[in-house]
$ cat input_24.csv   # CSV, C-alpha atoms
chain,number,residue,atom,x,y,z
A,1,MET,CA,34.6,-14.1,7.0
A,2,ASN,CA,34.7,-11.2,9.4
A,3,GLN,CA,31.1,-10.8,10.6
A,4,TRP,CA,31.2,-7.0,10.8
A,5,LYS,CA,32.5,-6.7,7.3
A,6,ASN,CA,29.8,-9.2,6.3
A,7,PHE,CA,27.2,-6.9,7.9
A,8,SER,CA,28.5,-3.5,6.8
A,9,LYS,CA,29.0,-4.4,3.1
A,10,GLY,CA,25.3,-4.0,2.5
A,11,PHE,CA,25.4,-0.3,3.4
A,12,PHE,CA,28.1,1.0,1.2
A,13,LYS,CA,30.5,-1.4,-0.6
A,14,GLU,CA,27.8,-3.6,-2.0
A,15,ASN,CA,24.7,-1.5,-1.4
A,16,ALA,CA,21.9,-3.2,-3.4
A,17,VAL,CA,20.5,0.1,-4.8
A,18,PHE,CA,23.5,2.4,-5.2
A,19,VAL,CA,26.1,-0.1,-6.2
A,20,LEU,CA,24.6,-3.4,-7.4
A,21,LEU,CA,21.5,-1.7,-8.9
A,22,LEU,CA,19.2,-4.5,-7.9
A,23,GLY,CA,15.6,-4.3,-7.0
A,24,MET,CA,14.9,-1.2,-9.1
A,25,CYS,CA,11.2,-1.8,-9.4
A,26,PRO,CA,10.3,-1.2,-5.7
A,27,THR,CA,13.1,1.3,-5.4
A,28,LEU,CA,11.6,3.6,-8.1
A,29,GLY,CA,8.0,2.7,-7.4
A,30,VAL,CA,7.5,3.2,-3.6
A,31,THR,CA,10.0,6.0,-2.8
A,32,SER,CA,7.6,8.9,-3.4
A,33,SER,CA,7.9,9.6,0.4
A,34,ALA,CA,10.5,8.8,3.0
A,35,ILE,CA,8.1,6.8,5.2
A,36,ASN,CA,7.1,4.6,2.3
A,37,GLY,CA,10.7,3.9,1.5
A,38,LEU,CA,11.5,3.0,5.1
A,39,GLY,CA,8.4,0.7,5.4
A,40,MET,CA,9.3,-1.1,2.2
A,41,GLY,CA,12.9,-1.4,3.2
A,42,LEU,CA,12.0,-3.0,6.6
A,43,ALA,CA,9.5,-5.4,5.0
A,44,THR,CA,12.2,-6.5,2.6
A,45,THR,CA,14.7,-6.8,5.4
A,46,PHE,CA,12.4,-9.2,7.3
A,47,VAL,CA,11.9,-11.4,4.2
A,48,LEU,CA,15.6,-11.3,3.4
A,49,VAL,CA,16.6,-12.4,6.9
A,50,MET,CA,14.0,-15.1,7.2
A,51,SER,CA,14.6,-16.6,3.7
A,52,ASN,CA,18.4,-16.5,4.2
A,53,LEU,CA,17.9,-18.3,7.5
A,54,VAL,CA,15.7,-21.0,6.1
A,55,ILE,CA,17.6,-21.5,2.9
A,56,SER,CA,21.0,-21.8,4.7
A,57,LEU,CA,19.3,-24.4,6.9
A,58,ILE,CA,18.0,-26.6,4.1
A,59,LYS,CA,20.7,-25.9,1.5
A,60,SER,CA,22.2,-29.4,1.7
A,61,LEU,CA,18.7,-31.1,1.4
A,62,ILE,CA,17.8,-29.5,-2.0
A,63,PRO,CA,18.9,-31.1,-5.2
A,64,GLU,CA,20.8,-28.6,-7.3
A,65,LYS,CA,18.5,-28.7,-10.3
A,66,VAL,CA,15.4,-27.6,-8.4
A,67,ARG,CA,17.1,-25.1,-6.1
A,68,ILE,CA,15.6,-22.0,-7.7
A,69,PRO,CA,12.0,-23.1,-7.5
A,70,ALA,CA,12.6,-24.2,-3.9
A,71,PHE,CA,14.1,-20.8,-3.0
A,72,ILE,CA,11.2,-19.0,-4.7
A,73,VAL,CA,8.6,-21.0,-2.7
A,74,VAL,CA,10.4,-20.2,0.5
A,75,ILE,CA,10.6,-16.4,-0.3
A,76,ALA,CA,7.0,-16.3,-1.5
A,77,THR,CA,5.8,-17.9,1.7
A,78,PHE,CA,7.6,-15.2,3.8
A,79,VAL,CA,6.3,-12.4,1.6
A,80,THR,CA,2.7,-13.7,2.0
A,81,ILE,CA,3.2,-13.9,5.8
A,82,VAL,CA,4.5,-10.3,5.9
A,83,GLU,CA,1.5,-9.2,3.9
A,84,MET,CA,-1.0,-10.8,6.1
A,85,LEU,CA,0.7,-9.6,9.3
A,86,MET,CA,0.8,-6.1,8.0
A,87,GLN,CA,-2.8,-6.2,7.0
A,88,ALA,CA,-3.8,-7.4,10.5
A,89,TYR,CA,-1.6,-5.3,12.7
A,90,THR,CA,-0.5,-2.2,10.8
A,91,PRO,CA,-3.5,-1.4,8.5
A,92,ALA,CA,-2.3,2.1,7.9
A,93,LEU,CA,1.1,1.1,6.6
A,94,TYR,CA,-0.5,-1.7,4.6
A,95,ASP,CA,-2.8,0.9,2.9
A,96,SER,CA,0.2,2.9,1.6
A,97,LEU,CA,2.4,-0.1,0.7
A,98,GLY,CA,0.0,-2.9,0.1
A,99,LEU,CA,0.3,-2.8,-3.6
A,100,PHE,CA,4.1,-3.2,-3.5
A,101,ILE,CA,4.4,-6.0,-0.9
A,102,PRO,CA,3.8,-8.9,-3.3
A,103,LEU,CA,6.6,-7.4,-5.5
A,104,ILE,CA,9.1,-8.4,-2.8
A,105,VAL,CA,8.9,-11.9,-4.2
A,106,VAL,CA,10.4,-10.9,-7.5
A,107,ASN,CA,12.9,-8.5,-5.9
A,108,CYS,CA,16.2,-9.6,-7.3
A,109,ILE,CA,18.0,-8.9,-4.1
A,110,VAL,CA,16.2,-11.5,-2.1
A,111,LEU,CA,16.7,-14.3,-4.7
A,112,GLY,CA,20.2,-13.0,-5.4
A,113,ARG,CA,21.3,-13.3,-1.7
A,114,ALA,CA,19.7,-16.7,-1.4
A,115,GLU,CA,21.5,-18.0,-4.5
A,116,ALA,CA,24.8,-16.2,-4.0
A,117,PHE,CA,25.2,-16.2,-0.2
A,118,ALA,CA,22.8,-18.3,1.8
A,119,SER,CA,23.1,-21.4,-0.3
A,120,LYS,CA,26.9,-21.4,0.3
A,121,ASN,CA,27.4,-20.1,3.8
A,122,SER,CA,26.5,-21.0,7.4
A,123,VAL,CA,23.3,-20.0,9.1
A,124,GLY,CA,24.9,-17.3,11.3
A,125,SER,CA,26.6,-15.6,8.4
A,126,SER,CA,23.5,-15.8,6.3
A,127,ILE,CA,21.4,-14.0,8.9
A,128,VAL,CA,24.0,-11.3,9.3
A,129,ASP,CA,24.2,-11.0,5.5
A,130,GLY,CA,20.4,-10.7,5.2
A,131,LEU,CA,20.3,-8.1,8.0
A,132,GLY,CA,23.1,-6.0,6.5
A,133,MET,CA,21.8,-6.2,2.9
A,134,GLY,CA,18.2,-5.5,4.0
A,135,LEU,CA,19.0,-2.5,6.2
A,136,GLY,CA,21.3,-1.2,3.5
A,137,PHE,CA,18.4,-1.4,1.1
A,138,ALA,CA,16.1,0.2,3.6
A,139,MET,CA,18.6,3.0,4.1
A,140,ALA,CA,18.9,3.6,0.4
A,141,LEU,CA,15.1,3.7,-0.1
A,142,THR,CA,14.7,6.1,2.9
A,143,MET,CA,17.3,8.4,1.5
A,144,LEU,CA,15.8,8.4,-2.0
A,145,GLY,CA,12.3,8.8,-0.5
A,146,SER,CA,13.5,11.8,1.6
A,147,VAL,CA,15.0,13.5,-1.4
A,148,ARG,CA,12.0,13.0,-3.5
A,149,GLU,CA,9.5,14.0,-0.8
A,150,LEU,CA,11.5,17.1,0.1
A,151,LEU,CA,12.0,18.3,-3.5
A,152,GLY,CA,8.5,17.2,-4.7
A,153,SER,CA,6.1,18.1,-2.0
A,154,GLY,CA,8.2,20.2,0.5
A,155,LYS,CA,7.9,17.7,3.3
A,156,LEU,CA,10.1,15.3,5.2
A,157,PHE,CA,8.5,12.3,7.0
A,158,ASN,CA,5.2,14.2,6.6
A,159,PHE,CA,6.5,17.3,8.3
A,160,THR,CA,6.1,20.4,6.2
A,161,ILE,CA,9.5,22.1,5.4
A,162,TYR,CA,8.3,24.6,2.9
A,163,PRO,CA,4.9,25.1,1.1
A,164,GLU,CA,3.9,22.4,-1.2
A,165,ASP,CA,3.2,24.8,-4.0
A,166,TYR,CA,6.9,25.4,-4.5
A,167,GLY,CA,7.6,21.7,-4.8
A,168,MET,CA,8.7,20.2,-8.1
A,169,LEU,CA,5.9,17.8,-9.0
A,170,VAL,CA,8.2,15.8,-11.3
A,171,PHE,CA,10.1,14.4,-8.3
A,172,VAL,CA,6.9,12.7,-7.0
A,173,LEU,CA,6.4,11.1,-10.5
A,174,ALA,CA,8.5,8.3,-12.0
A,175,PRO,CA,10.9,10.5,-14.0
A,176,GLY,CA,11.9,12.2,-10.8
A,177,ALA,CA,12.8,8.9,-9.3
A,178,PHE,CA,15.2,8.2,-12.1
A,179,ILE,CA,16.7,11.7,-11.9
A,180,ALA,CA,17.2,11.5,-8.1
A,181,LEU,CA,18.5,8.0,-8.2
A,182,GLY,CA,21.0,8.9,-11.0
A,183,TYR,CA,22.4,11.8,-9.0
A,184,MET,CA,22.6,9.8,-5.8
A,185,ILE,CA,24.5,6.9,-7.6
A,186,ALA,CA,26.9,9.5,-9.0
A,187,ILE,CA,27.6,11.0,-5.6
A,188,ILE,CA,28.1,7.6,-3.9
A,189,ASP,CA,30.4,6.6,-6.7
A,190,LYS,CA,32.5,9.7,-6.3
A,191,MET,CA,32.7,9.1,-2.5
A,192,LYS,CA,33.8,5.6,-3.1
A,193,LYS,CA,36.7,6.6,-5.3
A,194,ALA,CA,37.8,9.4,-3.0
B,195,MET,CA,26.4,-26.9,-2.6
B,196,ALA,CA,23.7,-29.6,-2.8
B,197,THR,CA,24.8,-33.0,-1.5
B,198,ILE,CA,21.7,-34.7,-2.8
B,199,GLU,CA,21.7,-36.1,-6.3
B,200,SER,CA,19.3,-34.4,-8.8
B,201,SER,CA,17.3,-37.5,-9.6
B,202,LEU,CA,13.6,-37.3,-10.5
B,203,LYS,CA,12.6,-38.9,-7.2
B,204,ASN,CA,14.7,-36.6,-5.1
B,205,MET,CA,13.6,-33.5,-6.9
B,206,LEU,CA,9.9,-34.4,-6.7
B,207,LEU,CA,10.2,-35.3,-3.0
B,208,THR,CA,12.1,-32.1,-2.0
B,209,LEU,CA,9.7,-29.8,-3.8
B,210,PHE,CA,6.7,-31.7,-2.4
B,211,VAL,CA,8.0,-31.4,1.1
B,212,ILE,CA,8.9,-27.7,0.8
B,213,THR,CA,5.6,-26.7,-0.8
B,214,ALA,CA,3.7,-28.8,1.8
B,215,ILE,CA,5.5,-27.0,4.7
B,216,ALA,CA,5.0,-23.6,3.0
B,217,GLY,CA,1.3,-24.3,2.5
B,218,THR,CA,0.7,-25.5,6.1
B,219,SER,CA,2.5,-22.5,7.6
B,220,LEU,CA,0.5,-20.1,5.3
B,221,GLY,CA,-2.7,-21.7,6.4
B,222,PHE,CA,-1.7,-21.3,10.0
B,223,VAL,CA,-0.8,-17.6,9.6
B,224,TYR,CA,-4.0,-17.0,7.6
B,225,LYS,CA,-6.1,-18.5,10.4
B,226,MET,CA,-4.2,-16.4,13.0
B,227,THR,CA,-4.6,-13.1,11.2
B,228,LYS,CA,-8.1,-13.7,9.8
B,229,GLU,CA,-9.8,-12.1,12.8
B,230,PRO,CA,-7.5,-9.2,13.3
B,231,ILE,CA,-7.8,-8.4,9.6
B,232,ALA,CA,-11.6,-8.5,9.7
B,233,ALA,CA,-11.6,-6.5,12.9
B,234,ALA,CA,-9.3,-3.8,11.4
B,235,LYS,CA,-11.5,-3.6,8.4
B,236,ALA,CA,-14.7,-3.3,10.5
B,237,LYS,CA,-13.0,-0.7,12.7
B,238,LYS,CA,-12.0,1.3,9.6
B,239,GLN,CA,-15.6,1.2,8.3
B,240,GLN,CA,-17.0,2.3,11.6
B,241,GLU,CA,-14.5,5.1,12.0
B,242,ALA,CA,-15.3,6.2,8.5
B,243,ILE,CA,-19.0,6.3,9.2
B,244,LYS,CA,-18.4,8.3,12.4
B,245,MET,CA,-16.3,10.8,10.5
B,246,VAL,CA,-18.6,11.5,7.7
B,247,VAL,CA,-22.0,12.0,9.3
B,248,PRO,CA,-23.2,14.3,12.2
B,249,ALA,CA,-23.3,12.8,15.7
B,250,PHE,CA,-25.7,9.8,15.9
B,251,ASN,CA,-26.7,7.2,18.5
B,252,ASN,CA,-27.9,4.2,16.6
B,253,GLU,CA,-25.9,1.3,15.1
B,254,PRO,CA,-25.6,2.2,11.4
B,255,GLY,CA,-23.9,-1.1,10.8
B,256,ASN,CA,-27.1,-3.0,11.9
B,257,GLU,CA,-29.3,-1.1,9.5
B,258,VAL,CA,-27.1,-1.3,6.4
B,259,MET,CA,-28.9,-1.4,3.1
B,260,THR,CA,-27.1,-2.8,0.1
B,261,VAL,CA,-28.3,-1.6,-3.2
B,262,THR,CA,-27.1,-1.9,-6.8
B,263,SER,CA,-26.4,1.4,-8.7
B,264,LYS,CA,-27.4,2.0,-12.3
B,265,GLU,CA,-23.9,1.1,-13.3
B,266,GLY,CA,-24.3,-2.3,-11.6
B,267,LEU,CA,-22.0,-1.5,-8.7
B,268,PRO,CA,-22.8,-2.6,-5.1
B,269,ILE,CA,-23.5,0.4,-2.8
B,270,LYS,CA,-23.9,0.2,0.9
B,271,LEU,CA,-26.1,2.8,2.7
B,272,PHE,CA,-25.6,3.3,6.5
B,273,PRO,CA,-28.4,5.4,8.0
B,274,ALA,CA,-27.2,7.5,11.0
B,275,ARG,CA,-30.0,8.5,13.4
B,276,GLU,CA,-30.2,10.4,16.6
B,277,ASP,CA,-33.1,9.3,18.7
B,278,GLY,CA,-34.8,7.7,15.7
B,279,LYS,CA,-34.5,10.8,13.5
B,280,LEU,CA,-32.4,10.6,10.4
B,281,VAL,CA,-29.4,13.0,10.8
B,282,GLY,CA,-27.4,11.7,7.8
B,283,VAL,CA,-26.5,8.7,5.7
B,284,ALA,CA,-23.0,7.3,5.2
B,285,VAL,CA,-22.7,5.8,1.7
B,286,GLU,CA,-20.0,3.4,0.9
B,287,THR,CA,-19.7,4.0,-2.8
B,288,VAL,CA,-17.4,2.9,-5.6
B,289,SER,CA,-16.4,4.0,-9.1
B,290,ASN,CA,-14.7,1.8,-11.7
B,291,LYS,CA,-13.4,4.8,-13.6
B,292,GLY,CA,-10.1,5.0,-11.6
B,293,PHE,CA,-6.7,5.2,-13.1
B,294,ALA,CA,-5.9,1.7,-11.7
B,295,GLY,CA,-8.9,-0.3,-10.4
B,296,ASN,CA,-11.8,0.8,-8.4
B,297,VAL,CA,-12.0,3.8,-6.1
B,298,SER,CA,-14.0,3.1,-3.0
B,299,ILE,CA,-15.0,6.0,-0.7
B,300,MET,CA,-17.4,6.6,2.2
B,301,VAL,CA,-19.4,9.8,1.7
B,302,GLY,CA,-21.7,11.3,4.3
B,303,PHE,CA,-24.8,13.1,3.2
B,304,LYS,CA,-27.2,15.1,5.3
B,305,PRO,CA,-30.8,14.2,4.7
B,306,ASP,CA,-31.2,16.9,2.1
B,307,GLY,CA,-28.3,15.6,0.1
B,308,THR,CA,-25.6,18.1,1.2
B,309,ILE,CA,-22.2,16.5,1.5
B,310,GLU,CA,-21.1,16.5,5.2
B,311,ASN,CA,-17.7,14.8,4.8
B,312,TYR,CA,-15.9,11.9,3.1
B,313,GLN,CA,-13.3,9.3,3.7
B,314,VAL,CA,-11.3,7.4,1.1
B,315,LEU,CA,-11.5,3.7,1.8
B,316,GLU,CA,-9.6,1.9,-0.9
B,317,HIS,CA,-8.0,2.7,-4.2
B,318,LYS,CA,-4.9,1.8,-6.3
B,319,GLU,CA,-4.2,5.2,-7.8
B,320,THR,CA,-0.7,6.5,-8.3
B,321,PRO,CA,1.1,7.1,-5.0
B,322,GLY,CA,1.8,10.8,-4.5
B,323,LEU,CA,-0.7,11.9,-7.1
B,324,GLY,CA,-4.1,10.1,-7.0
B,325,THR,CA,-3.5,9.4,-3.3
B,326,LYS,CA,-3.9,13.1,-2.6
B,327,MET,CA,-7.6,12.6,-2.8
B,328,ASP,CA,-7.6,11.8,0.9
B,329,ALA,CA,-7.3,15.4,1.7
B,330,TRP,CA,-7.7,17.3,-1.5
B,331,PHE,CA,-11.5,17.6,-1.7
B,332,LYS,CA,-11.7,18.7,1.9
B,333,THR,CA,-9.2,21.5,1.6
B,334,ASP,CA,-10.8,24.9,1.4
B,335,LYS,CA,-8.7,26.3,-1.4
B,336,GLY,CA,-9.9,27.6,-4.7
B,337,ASN,CA,-12.6,25.3,-5.9
B,338,GLN,CA,-11.1,22.1,-4.4
B,339,SER,CA,-13.6,21.4,-1.5
B,340,ILE,CA,-16.8,19.5,-2.1
B,341,LEU,CA,-17.9,19.7,1.6
B,342,GLY,CA,-21.2,21.5,2.0
B,343,LYS,CA,-22.0,21.1,-1.7
B,344,ASN,CA,-25.0,19.3,-2.9
B,345,PRO,CA,-24.7,17.0,-5.9
B,346,GLY,CA,-28.3,17.7,-6.8
B,347,LYS,CA,-27.7,21.5,-7.1
B,348,ASP,CA,-24.0,21.9,-7.8
B,349,ASN,CA,-22.2,20.7,-10.8
B,350,LEU,CA,-19.7,18.3,-9.1
B,351,THR,CA,-17.4,17.5,-12.0
B,352,VAL,CA,-13.9,18.6,-12.7
B,353,SER,CA,-13.4,22.0,-14.3
B,354,LYS,CA,-11.9,20.4,-17.4
B,355,ASP,CA,-15.3,18.7,-18.0
B,356,GLY,CA,-17.2,22.0,-17.4
B,357,GLY,CA,-17.8,21.4,-13.7
B,358,ASP,CA,-17.1,23.5,-10.5
B,359,VAL,CA,-14.5,21.4,-8.8
B,360,ASP,CA,-10.7,21.8,-9.3
B,361,ALA,CA,-9.1,18.4,-10.1
B,362,ILE,CA,-6.0,17.2,-8.3
B,363,THR,CA,-2.9,18.5,-10.0
B,364,ALA,CA,-1.7,15.9,-12.5
B,365,ALA,CA,-4.4,13.4,-11.4
B,366,THR,CA,-7.5,14.4,-13.4
B,367,ILE,CA,-8.5,10.8,-14.0
B,368,SER,CA,-8.4,10.0,-10.3
B,369,SER,CA,-10.4,13.1,-9.6
B,370,ARG,CA,-13.0,12.1,-12.1
B,371,ALA,CA,-13.3,8.7,-10.5
B,372,PHE,CA,-13.7,10.2,-7.1
B,373,LEU,CA,-16.4,12.6,-8.2
B,374,ASP,CA,-18.1,9.8,-10.1
B,375,ALA,CA,-18.2,7.7,-6.9
B,376,VAL,CA,-19.7,10.7,-5.1
B,377,ARG,CA,-22.4,11.0,-7.8
B,378,ILE,CA,-23.2,7.3,-7.7
B,379,GLY,CA,-23.4,7.4,-3.9
B,380,TYR,CA,-25.7,10.5,-4.1
B,381,GLU,CA,-28.0,8.9,-6.7
B,382,SER,CA,-28.3,5.6,-4.7
B,383,PHE,CA,-29.1,7.6,-1.6
B,384,MET,CA,-31.8,9.7,-3.3
B,385,GLU,CA,-33.4,6.6,-4.9
B,386,ASN,CA,-33.7,4.9,-1.5
B,387,LYS,CA,-34.3,8.0,0.6
B,388,ASP,CA,-37.9,7.2,1.4
B,389,LYS,CA,-37.1,3.7,2.5
B,390,ILE,CA,-34.3,4.9,4.7
B,391,GLU,CA,-36.5,7.5,6.4
B,392,LYS,CA,-39.3,5.1,7.0
B,393,GLY,CA,-36.9,2.6,8.6
B,394,GLY,CA,-36.4,5.1,11.5
B,395,ALA,CA,-40.2,5.4,12.1
B,396,GLN,CA,-40.5,1.8,13.2
$ encode --input "input_24.csv" --output "structure tokens"
Amino acid sequence: MNQWKNFSKGFFKENAVFVLLLGMCPTLGVTSSAINGLGMGLATTFVLVMSNLVISLIKSLIPEKVRIPAFIVVIATFVTIVEMLMQAYTPALYDSLGLFIPLIVVNCIVLGRAEAFASKNSVGSSIVDGLGMGLGFAMALTMLGSVRELLGSGKLFNFTIYPEDYGMLVFVLAPGAFIALGYMIAIIDKMKKA
Amino acid sequence: MATIESSLKNMLLTLFVITAIAGTSLGFVYKMTKEPIAAAKAKKQQEAIKMVVPAFNNEPGNEVMTVTSKEGLPIKLFPAREDGKLVGVAVETVSNKGFAGNVSIMVGFKPDGTIENYQVLEHKETPGLGTKMDAWFKTDKGNQSILGKNPGKDNLTVSKDGGDVDAITAATISSRAFLDAVRIGYESFMENKDKIEKGGAQ
């Protein structure tokens, strides 16, 4: 497979959030601000690349019937490592995301890519796939976070754009996440067909 | 995909090896990050103390007093002294009335009980709502700010409960928990005030 196509599919054609609608829990949960979305997206990217790498390396050593538990153990290990590293070296980011980091384990994208891609492809392709999918996920989360932060609290990456009092509080809350995501999916869908 | 047969022996062996490797590497990372995590936490605590009380020149961390509040919660009192004279006390206090889990804050009181400043340490409130407590009760707008107020004289509860403080918009429960933690901290400080002041005379 063409490696560029393999990489870029995660951004648009097979974007995890806007097209595949996977990983909705962290998507709706953490995107109350752009920086949270970006942090979550990058943490997921790291886990995705590492788990894809390891799983494509050991794929021929795992008996088929226990592959899912084996994948989950690999993914959970990397998530725990990310959590500990963040806690140690970026305490500020950990404070705002800490709650959602363990949720990466159950993020369908990570397991989905392990099962659908890494367990069938070479190490190189799997890393590229993980990178593309992860960065596409990070991009989607950052976009959603920016929209919600701008409409909800009048800020963008913590820079005040307009006074917070005019913000629509609903966009910071969960219903706003659904509304914003729905419109964004509609726009992306329209662009895809055009 | 798999080239190995799914026999019981193979399955057991593979899972055993994978979990063993995972466990070992986790133990390794845990050991590696243990000190930085502890250091980050200690640094956060020290910075919080510095932020919430007036200038001091002792080591509040060495004089820490751990007491139990009426509610059975563990409260830490850090006396801040300048040349042996008590200038304020940083109280690490906690409330279990939060929207999700405990709300832990560091509040600085002047010796007479006036609130100097505060810093939120740990909580699991709703991002974007309850998390606003970081700045909300310091902002001088309407009746939001609690700085310069004295829990002994002022009625520091949210206006919905008949108090004098404006709650965070759409996060009344988080606001209540925050003010509850302030109250618990104040009470623990007042109960032990004599002991703390005596500590400096030695």
$ residues_around --input "input_24.csv" --residues "Met86 of chain A" --least-positions-apart "4" --cutoff "10 Å" --atoms "all atoms listed in the file" --output "PDB file with C-alpha atoms, in the coordinates of the input"
ATOM      1  CA  ALA A  43       9.500  -5.400   5.000  1.00  0.00           C
ATOM      2  CA  THR A  80       2.700 -13.700   2.000  1.00  0.00           C
ATOM      3  CA  ILE A  81       3.200 -13.900   5.800  1.00  0.00           C
ATOM      4  CA  VAL A  82       4.500 -10.300   5.900  1.00  0.00           C
ATOM      5  CA  THR A  90      -0.500  -2.200  10.800  1.00  0.00           C
ATOM      6  CA  PRO A  91      -3.500  -1.400   8.500  1.00  0.00           C
ATOM      7  CA  ALA A  92      -2.300   2.100   7.900  1.00  0.00           C
ATOM      8  CA  LEU A  93       1.100   1.100   6.600  1.00  0.00           C
ATOM      9  CA  TYR A  94      -0.500  -1.700   4.600  1.00  0.00           C
ATOM     10  CA  ASP A  95      -2.800   0.900   2.900  1.00  0.00           C
ATOM     11  CA  LEU A  97       2.400  -0.100   0.700  1.00  0.00           C
ATOM     12  CA  GLY A  98       0.000  -2.900   0.100  1.00  0.00           C
ATOM     13  CA  ILE A 101       4.400  -6.000  -0.900  1.00  0.00           C
TER      14      ILE A 101
ATOM     15  CA  THR B 227      -4.600 -13.100  11.200  1.00  0.00           C
ATOM     16  CA  ILE B 231      -7.800  -8.400   9.600  1.00  0.00           C
TER      17      ILE B 231
END
$ interface_residues --input "input_24.csv" --of "chain A" --to "chain B" --cutoff "9 Å" --atoms "all atoms listed in the file" --output "count of residues only"
38
$ closest_residue --input "input_24.csv" --among "B:Gly282, B:Gly379, B:Gly307, B:Gly346" --to "Ile269 of chain B" --atoms "all atoms listed in the file"
B:Gly379
$ atom_distance --input "input_24.csv" --atom1 "atom CA of Leu350 of chain B" --atom2 "atom CA of Thr260 of chain B"
24.2 Å
$ atom_distance --input "input_24.csv" --atom1 "atom CA of Glu241 of chain B" --atom2 "atom CA of Asn256 of chain B"
15.0 Å
$ atom_distance --input "input_24.csv" --atom1 "atom CA of Ser122 of chain A" --atom2 "atom CA of Val19 of chain A"
24.9 Å
$ residues_around --input "input_24.csv" --residues "Thr45 of chain A" --least-positions-apart "2" --cutoff "7 Å" --atoms "all atoms listed in the file" --output "ChimeraX atom specification"
/A:41-43,47-49,130-131,134-135
$ closest_residue --input "input_24.csv" --among "B:Lys387, B:Phe250, B:Lys225, B:Ile243" --to "Gln313 of chain B" --atoms "only C-alpha atoms"
B:Ile243
$ residues_around --input "input_24.csv" --residues "Glu319 of chain B" --least-positions-apart "2" --cutoff "6 Å" --atoms "all atoms listed in the file" --output "PyMOL selection string"
chain B and resi 293-294+317+324
$ residues_around --input "input_24.csv" --residues "Ile104 of chain A" --least-positions-apart "5" --cutoff "8 Å" --atoms "all atoms listed in the file" --output "list in words"
Pro26, Thr44, Val79 and Val110 of chain A
$ residues_around --input "input_24.csv" --residues "Trp4 of chain A" --least-positions-apart "3" --cutoff "10 Å" --atoms "all atoms listed in the file" --output "number ranges by chain"
A: 1, 7-9, 128-129, 132
$ closest_residue --input "input_24.csv" --among "B:Ala329, B:Tyr380, B:Gly342, B:Glu265" --to "Glu286 of chain B" --atoms "all atoms listed in the file"
B:Tyr380
$ closest_residue --input "input_24.csv" --among "B:Asn386, B:Asn344, B:Thr218, B:Asn252" --to "Asp306 of chain B" --atoms "all atoms listed in the file"
B:Asn344
